[in-house]
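Note: the block below is structure.tsv and it holds TSV, C-alpha atoms.
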chain	number	residue	atom	x	y	z
A	887	MET	CA	161.22	151.14	164.34
A	888	SER	CA	160.94	151.41	168.13
A	889	ASP	CA	164.00	152.19	170.25
A	890	LEU	CA	164.14	148.58	171.49
A	891	GLU	CA	163.95	147.19	167.94
A	892	ALA	CA	166.74	149.56	166.88
A	893	LEU	CA	168.88	148.23	169.73
A	894	LYS	CA	168.23	144.63	168.73
A	895	LYS	CA	169.27	145.43	165.16
A	896	GLU	CA	172.44	147.15	166.36
A	897	ALA	CA	173.44	144.08	168.40
A	898	ALA	CA	172.75	141.82	165.41
A	899	LEU	CA	174.94	143.90	163.09
A	900	ARG	CA	177.85	143.65	165.54
A	901	ALA	CA	177.66	139.85	165.51
A	902	VAL	CA	177.24	139.59	161.73
A	903	ALA	CA	180.49	141.59	161.36
A	904	LEU	CA	182.26	138.39	162.50
A	905	VAL	CA	180.76	136.30	159.68
A	906	GLN	CA	183.21	135.68	156.83
A	907	SER	CA	182.82	134.33	153.32
A	908	GLY	CA	182.69	130.54	153.08
A	909	MET	CA	181.31	130.02	156.58
A	910	ARG	CA	178.51	127.71	157.69
A	911	VAL	CA	176.37	129.77	160.03
A	912	GLY	CA	173.74	128.71	162.55
A	913	LEU	CA	170.74	130.98	162.10
A	914	GLY	CA	168.84	131.66	165.30
A	915	THR	CA	165.14	132.20	165.86
A	916	GLY	CA	163.19	135.18	167.14
A	917	SER	CA	162.92	138.92	166.79
A	918	THR	CA	166.62	139.70	167.33
A	919	ALA	CA	167.98	136.81	165.24
A	920	LYS	CA	165.74	137.99	162.39
A	921	TYR	CA	167.90	141.09	162.01
A	922	ALA	CA	171.06	138.96	161.75
A	923	ILE	CA	169.51	136.76	159.05
A	924	GLU	CA	168.37	139.80	157.08
A	925	GLU	CA	171.82	141.41	157.30
A	926	ILE	CA	173.63	138.25	156.14
A	927	GLY	CA	171.21	138.09	153.23
A	928	ARG	CA	171.86	141.74	152.39
A	929	GLN	CA	175.63	141.20	152.43
A	930	LEU	CA	175.32	138.15	150.17
A	931	GLN	CA	173.23	140.16	147.71
A	932	SER	CA	175.69	143.08	147.76
A	933	GLY	CA	178.75	140.83	147.35
A	934	GLU	CA	180.24	141.76	150.75
A	935	LEU	CA	179.88	138.06	151.64
A	936	ARG	CA	179.90	135.01	149.39
A	937	ASP	CA	179.50	131.24	149.77
A	938	VAL	CA	177.83	131.52	153.17
A	939	VAL	CA	175.50	128.62	154.00
A	940	GLY	CA	172.93	128.75	156.79
A	941	VAL	CA	171.64	126.06	159.12
A	942	ALA	CA	168.29	127.23	160.49
A	943	THR	CA	167.05	126.61	164.03
A	944	SER	CA	163.35	126.76	163.11
A	945	GLU	CA	161.03	126.53	160.15
A	946	ALA	CA	160.43	130.29	160.44
A	947	SER	CA	164.15	131.08	160.24
A	948	ASP	CA	164.58	128.61	157.36
A	949	ALA	CA	161.83	130.41	155.42
A	950	LEU	CA	163.27	133.87	156.17
A	951	ALA	CA	166.79	132.81	155.19
A	952	ARG	CA	165.62	131.50	151.82
A	953	GLN	CA	163.56	134.64	151.30
A	954	VAL	CA	166.63	136.90	151.74
A	955	GLY	CA	168.88	134.68	149.60
A	956	ILE	CA	170.82	132.58	152.10
A	957	PRO	CA	171.27	128.95	150.96
A	958	VAL	CA	170.07	126.66	153.76
A	959	GLU	CA	171.33	123.17	154.61
A	960	ALA	CA	170.07	120.63	157.11
A	961	LEU	CA	172.05	120.11	160.31
A	962	ASP	CA	174.62	117.35	159.92
A	963	PRO	CA	177.64	116.30	162.02
A	964	ARG	CA	179.97	118.92	160.50
A	965	PRO	CA	180.78	121.81	162.84
A	966	LEU	CA	179.38	125.26	162.21
A	967	ASP	CA	181.80	128.17	162.10
A	968	ILE	CA	179.47	130.54	163.94
A	969	ALA	CA	175.95	130.49	165.34
A	970	ILE	CA	174.10	133.74	166.07
A	971	ASP	CA	170.97	133.79	168.21
A	972	GLY	CA	169.07	135.81	170.77
A	973	ALA	CA	168.35	134.91	174.39
A	974	ASP	CA	165.53	135.42	176.87
A	975	GLU	CA	167.90	135.85	179.83
A	976	ILE	CA	171.67	136.33	180.03
A	977	ALA	CA	173.46	135.69	183.33
A	978	PRO	CA	176.85	137.30	184.14
A	979	ASN	CA	178.69	134.09	183.14
A	980	LEU	CA	176.74	134.06	179.81
A	981	ASP	CA	174.61	131.10	180.82
A	982	LEU	CA	171.27	131.58	179.08
A	983	ILE	CA	167.58	130.88	179.17
A	984	LYS	CA	166.21	130.43	175.66
A	985	GLY	CA	163.02	129.02	174.22
A	986	LEU	CA	160.27	131.57	174.79
A	987	GLY	CA	159.97	131.54	171.00
A	988	GLY	CA	159.43	127.77	171.09
A	989	ALA	CA	162.55	126.67	169.17
A	990	LEU	CA	164.81	125.64	172.06
A	991	LEU	CA	165.52	122.05	170.93
A	992	ARG	CA	166.59	122.94	167.40
A	993	GLU	CA	168.51	125.94	168.72
A	994	LYS	CA	170.47	123.80	171.18
A	995	LEU	CA	171.11	121.00	168.66
A	996	THR	CA	172.49	123.56	166.21
A	997	GLU	CA	174.40	125.86	168.53
A	998	VAL	CA	176.20	123.09	170.41
A	999	GLN	CA	177.96	122.30	167.10
A	1000	ALA	CA	179.17	125.86	166.55
A	1001	ARG	CA	182.83	126.70	167.06
A	1002	ARG	CA	181.63	130.15	168.15
A	1003	PHE	CA	178.18	130.85	169.60
A	1004	LEU	CA	177.37	134.56	169.63
A	1005	VAL	CA	174.39	135.93	171.54
A	1006	ILE	CA	172.63	139.12	170.47
A	1007	ALA	CA	170.18	140.92	172.73
A	1008	ASP	CA	169.04	144.20	174.17
A	1009	HIS	CA	169.87	145.26	177.73
A	1010	THR	CA	166.51	144.09	179.14
A	1011	LYS	CA	167.72	140.47	178.84
A	1012	LEU	CA	170.54	140.90	181.38
A	1013	VAL	CA	169.85	139.31	184.78
A	1014	THR	CA	171.82	138.60	187.94
A	1015	ARG	CA	170.49	135.01	188.06
A	1016	LEU	CA	168.64	132.77	185.61
A	1017	GLY	CA	164.91	132.73	186.24
A	1018	GLU	CA	164.90	136.30	187.56
A	1019	LYS	CA	162.52	137.61	184.87
A	1020	SER	CA	161.75	134.72	182.55
A	1021	ALA	CA	160.12	131.33	182.86
A	1022	LEU	CA	162.24	128.31	181.92
A	1023	PRO	CA	160.81	126.59	178.82
A	1024	ILE	CA	161.03	122.79	178.98
A	1025	GLU	CA	160.17	120.83	175.84
A	1026	ILE	CA	158.24	117.64	176.65
A	1027	ALA	CA	156.90	114.76	174.57
A	1028	ARG	CA	153.22	115.02	173.66
A	1029	PHE	CA	152.53	111.39	174.53
A	1030	GLY	CA	151.71	111.21	178.23
A	1031	PHE	CA	152.48	114.90	178.70
A	1032	LEU	CA	150.24	115.21	181.78
A	1033	SER	CA	152.27	112.47	183.48
A	1034	THR	CA	155.50	114.26	182.52
A	1035	ILE	CA	154.16	117.50	184.00
A	1036	GLU	CA	153.47	115.68	187.28
A	1037	ARG	CA	157.11	114.54	187.36
A	1038	LEU	CA	158.26	118.10	186.53
A	1039	ARG	CA	156.18	119.60	189.34
A	1040	GLU	CA	158.07	117.46	191.86
A	1041	VAL	CA	161.21	119.38	190.84
A	1042	LEU	CA	159.75	122.78	189.86
A	1043	PRO	CA	156.29	123.13	191.42
A	1044	ALA	CA	155.42	126.47	189.80
A	1045	GLY	CA	154.75	126.42	186.07
A	1046	ARG	CA	152.19	125.80	183.38
A	1047	LEU	CA	151.73	124.13	180.02
A	1048	ARG	CA	152.12	126.65	177.19
A	1049	HIS	CA	149.02	127.18	175.06
A	1050	SER	CA	148.37	128.63	171.63
A	1051	GLY	CA	144.80	129.86	171.90
A	1052	ALA	CA	142.71	127.11	173.47
A	1053	GLN	CA	145.09	124.30	172.45
A	1054	PRO	CA	148.46	123.29	173.90
A	1055	TYR	CA	151.34	124.88	171.97
A	1056	VAL	CA	153.12	122.47	169.58
A	1057	THR	CA	156.79	122.97	168.63
A	1058	ASP	CA	158.31	122.41	165.18
A	1059	ASN	CA	159.26	118.97	166.53
A	1060	GLY	CA	155.69	118.07	167.49
A	1061	ASN	CA	156.25	118.45	171.24
A	1062	HIS	CA	154.69	120.59	173.99
A	1063	ILE	CA	156.37	123.18	176.24
A	1064	PHE	CA	156.07	123.50	180.01
A	1065	ASP	CA	157.09	126.97	181.26
A	1066	ALA	CA	158.49	126.58	184.78
A	1067	GLN	CA	159.52	129.12	187.41
A	1068	ILE	CA	163.05	128.68	188.80
A	1069	PRO	CA	163.16	129.41	192.54
A	1070	GLU	CA	165.86	131.73	193.85
A	1071	GLY	CA	168.98	129.95	195.11
A	1072	GLN	CA	168.60	127.02	192.72
A	1073	ASP	CA	171.80	125.26	191.57
A	1074	ILE	CA	171.31	125.70	187.82
A	1075	ALA	CA	173.75	123.02	186.66
A	1076	ALA	CA	172.20	120.47	189.04
A	1077	LEU	CA	168.71	121.51	187.89
A	1078	GLU	CA	169.66	120.90	184.26
A	1079	ARG	CA	170.94	117.40	185.08
A	1080	THR	CA	167.80	116.58	187.06
A	1081	LEU	CA	165.42	117.83	184.38
A	1082	LYS	CA	167.24	115.98	181.60
A	1083	GLY	CA	166.89	112.79	183.62
A	1084	LEU	CA	163.09	113.04	183.86
A	1085	LEU	CA	161.12	110.68	181.65
A	1086	GLY	CA	159.22	112.63	179.00
A	1087	VAL	CA	161.52	115.68	179.03
A	1088	VAL	CA	163.09	116.21	175.61
A	1089	ASP	CA	165.31	119.19	176.51
A	1090	THR	CA	165.38	122.41	178.49
A	1091	GLY	CA	165.91	126.07	177.66
A	1092	LEU	CA	169.05	126.18	179.83
A	1093	PHE	CA	172.04	126.91	177.57
A	1094	LEU	CA	174.94	126.54	179.99
A	1095	GLY	CA	178.57	127.21	179.12
A	1096	MET	CA	177.80	127.52	175.40
A	1097	ALA	CA	178.03	131.23	174.55
A	1098	GLU	CA	181.45	132.67	173.68
A	1099	ARG	CA	180.29	136.29	173.79
A	1100	ALA	CA	177.20	138.43	173.84
A	1101	PHE	CA	176.56	141.69	172.03
A	1102	VAL	CA	174.12	143.60	174.21
A	1103	ALA	CA	172.64	146.85	172.95
A	1104	ALA	CA	171.63	149.61	175.37
A	1105	PRO	CA	170.67	153.23	174.68
A	1106	ASP	CA	174.32	154.28	175.16
A	1107	GLY	CA	175.69	151.70	172.69
A	1108	VAL	CA	176.53	148.02	172.21
A	1109	THR	CA	178.54	146.25	174.91
A	1110	GLU	CA	180.50	143.09	174.11
A	1111	LEU	CA	180.37	140.67	177.04
A	1112	THR	CA	182.47	137.56	177.65
A	1113	PRO	CA	181.80	135.04	180.42
A	1114	ALA	CA	182.59	136.33	183.93
A	1115	ARG	CA	183.34	132.90	185.33
Same coordinates, now as structure tokens:
Amino acid sequence: MSDLEALKKEAALRAVALVQSGMRVGLGTGSTAKYAIEEIGRQLQSGELRDVVGVATSEASDALARQVGIPVEALDPRPLDIAIDGADEIAPNLDLIKGLGGALLREKLTEVQARRFLVIADHTKLVTRLGEKSALPIEIARFGFLSTIERLREVLPAGRLRHSGAQPYVTDNGNHIFDAQIPEGQDIAALERTLKGLLGVVDTGLFLGMAERAFVAAPDGVTELTPAR
């Protein structure tokens, strides 16, 4: 396991320590969330946890959860006790960019219903402003997607349609993703409102005001961050 992978796993274990028996848990997607799912499964098998039910944010996480012995339910209106997921960027106030893994819509639908949303990441995800290192994934409807991209470019001129090989990438929900560059000095909350109002945009990878805390692993240990508002 590389040093970075070891850090991701360390952050995941810190978050899973807050999972208790009987909880409904939102299971994130991606390389860091994978470690959390595997650890919950291990604790269920060992008897350290019992009666934990998962709600998966992607087909991949659903499959992994079942494989490690976590019962999985569909998302319904009941609140989740905890959701644990990674992030592509973490700002000082714990606003996030997510969605480079392609699961942003299901992640947001799930994590908005969690009483506690815990972020797990390594130190490379920390930024001073959103858009500093990462593109902003925007999920768009497949029908008329070129027209939607034209509308998007009026707001965020720099960006491109995500591809998988020669074909446009398709999400679990049957949509496409446009990866946009956020210019410096952008009002992020206003940008989110504008993007959500564009015809053809399903949702964005901006997760604003949702995370309660982040466990961030660096070579000198795991730091627990809360929003610096």
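Nearest residue to Met909 of chain A among A:Ala1000, A:Gln953, A:Lys994, A:Gly972 is A:Ala1000, counting all atoms listed in the file.
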Handout entry: Who sits within 10 Å of Ala960 of chain A, only C-alpha atoms, same chain under 6 positions skipped, as a list of chain:residue names
Key =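 The filter keeps A:Gly940, A:Val941, A:Ala942, A:Thr943, A:Asp948, A:Thr996.
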Fill in the blank from the handout: A straight line from atom CA of Thr1010 of chain A to atom CA of Glu925 of chain A spans 22.6 Å
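Once Arg1002 of chain A and its same-chain neighbours fewer than 3 positions away are set aside, Asp967, Ile968, Ala969 and Glu1098 of chain A remain within 7 Å of it when counting all atoms listed in the file.
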Hey, what's within 12 Å of Arg1037 of chain A if we count all atoms listed in the file and toss same-chain stuff fewer than 5 positions away? As an mmCIF file with C-alpha atoms, keeping the file's coordinate frame, please?
data_model
loop_
_atom_site.group_PDB
_atom_site.id
_atom_site.type_symbol
_atom_site.label_atom_id
_atom_site.label_comp_id
_atom_site.auth_asym_id
_atom_site.auth_seq_id
_atom_site.Cartn_x
_atom_site.Cartn_y
_atom_site.Cartn_z
ATOM 1 C CA ILE A 1026 158.240 117.640 176.650
ATOM 2 C CA GLY A 1030 151.710 111.210 178.230
ATOM 3 C CA PHE A 1031 152.480 114.900 178.700
ATOM 4 C CA LEU A 1032 150.240 115.210 181.780
ATOM 5 C CA LEU A 1042 159.750 122.780 189.860
ATOM 6 C CA PRO A 1043 156.290 123.130 191.420
ATOM 7 C CA PHE A 1064 156.070 123.500 180.010
ATOM 8 C CA THR A 1080 167.800 116.580 187.060
ATOM 9 C CA LEU A 1081 165.420 117.830 184.380
ATOM 10 C CA LYS A 1082 167.240 115.980 181.600
ATOM 11 C CA GLY A 1083 166.890 112.790 183.620
ATOM 12 C CA LEU A 1084 163.090 113.040 183.860
ATOM 13 C CA LEU A 1085 161.120 110.680 181.650
ATOM 14 C CA GLY A 1086 159.220 112.630 179.000
ATOM 15 C CA VAL A 1087 161.520 115.680 179.030
#
Handout entry: Among the residues A:Arg900, A:Arg1001, A:Lys1019, A:Lys984, the one that comes closest to Leu1092 of chain A [using all atoms listed in the file]
Key = A:Lys984
Practice task
Find the distance between atom CA of Ala1103 of chain A and atom CA of Ala901 of chain A and write it in Å to one decimal.
Solution key: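 Distance between the two atoms: 11.4 Å.
Distance-wise, atom CA of Gly914 of chain A and atom CA of Leu980 of chain A end up 16.7 Å apart.
Minimum distance to Glu959 of chain A across A:Leu995, A:Val911, A:Met1096, A:Ala922 (counting all atoms listed in the file) occurs at A:Val911.
Of the listed residues A:Ala946, A:Ile1074, A:Leu1038, A:Leu986, the one whose atoms come nearest to Leu1094 of chain A is A:Ile1074, with distances taken using all atoms listed in the file.
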Enclose all atoms of segment 890-901 of chain A listed in the file in an axis-aligned box, grow every side by 5 Å, and hand back centre and edge lengths in Å to one decimal, as lines of an AutoDock Vina configuration file.
center_x = 170.9
center_y = 144.7
center_z = 167.3
size_x = 23.9
size_y = 19.7
size_z = 18.4
Handout entry: Polymer residues at most 10 Å from (163.1, 135.9, 163.8) by only C-alpha atoms, as a PyMOL selection string
Key = chain A and resi 913-924+944+946-948+950-951+971-972+987
Practice task
May I ask which of the residues A:Leu1016, A:Ile1006, A:Leu1111, A:Ala989 is the closest one to Ile1063 of chain A, counting all atoms listed in the file?
Solution key: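 Ranked by minimum distance to Ile1063 of chain A, first place goes to A:Ala989.
For the set A:Asn1061, A:Thr1014, A:Asn979, A:Ser1050, the residue with the smallest atom-to-atom gap to Ala1027 of chain A is A:Asn1061, counting all atoms listed in the file.
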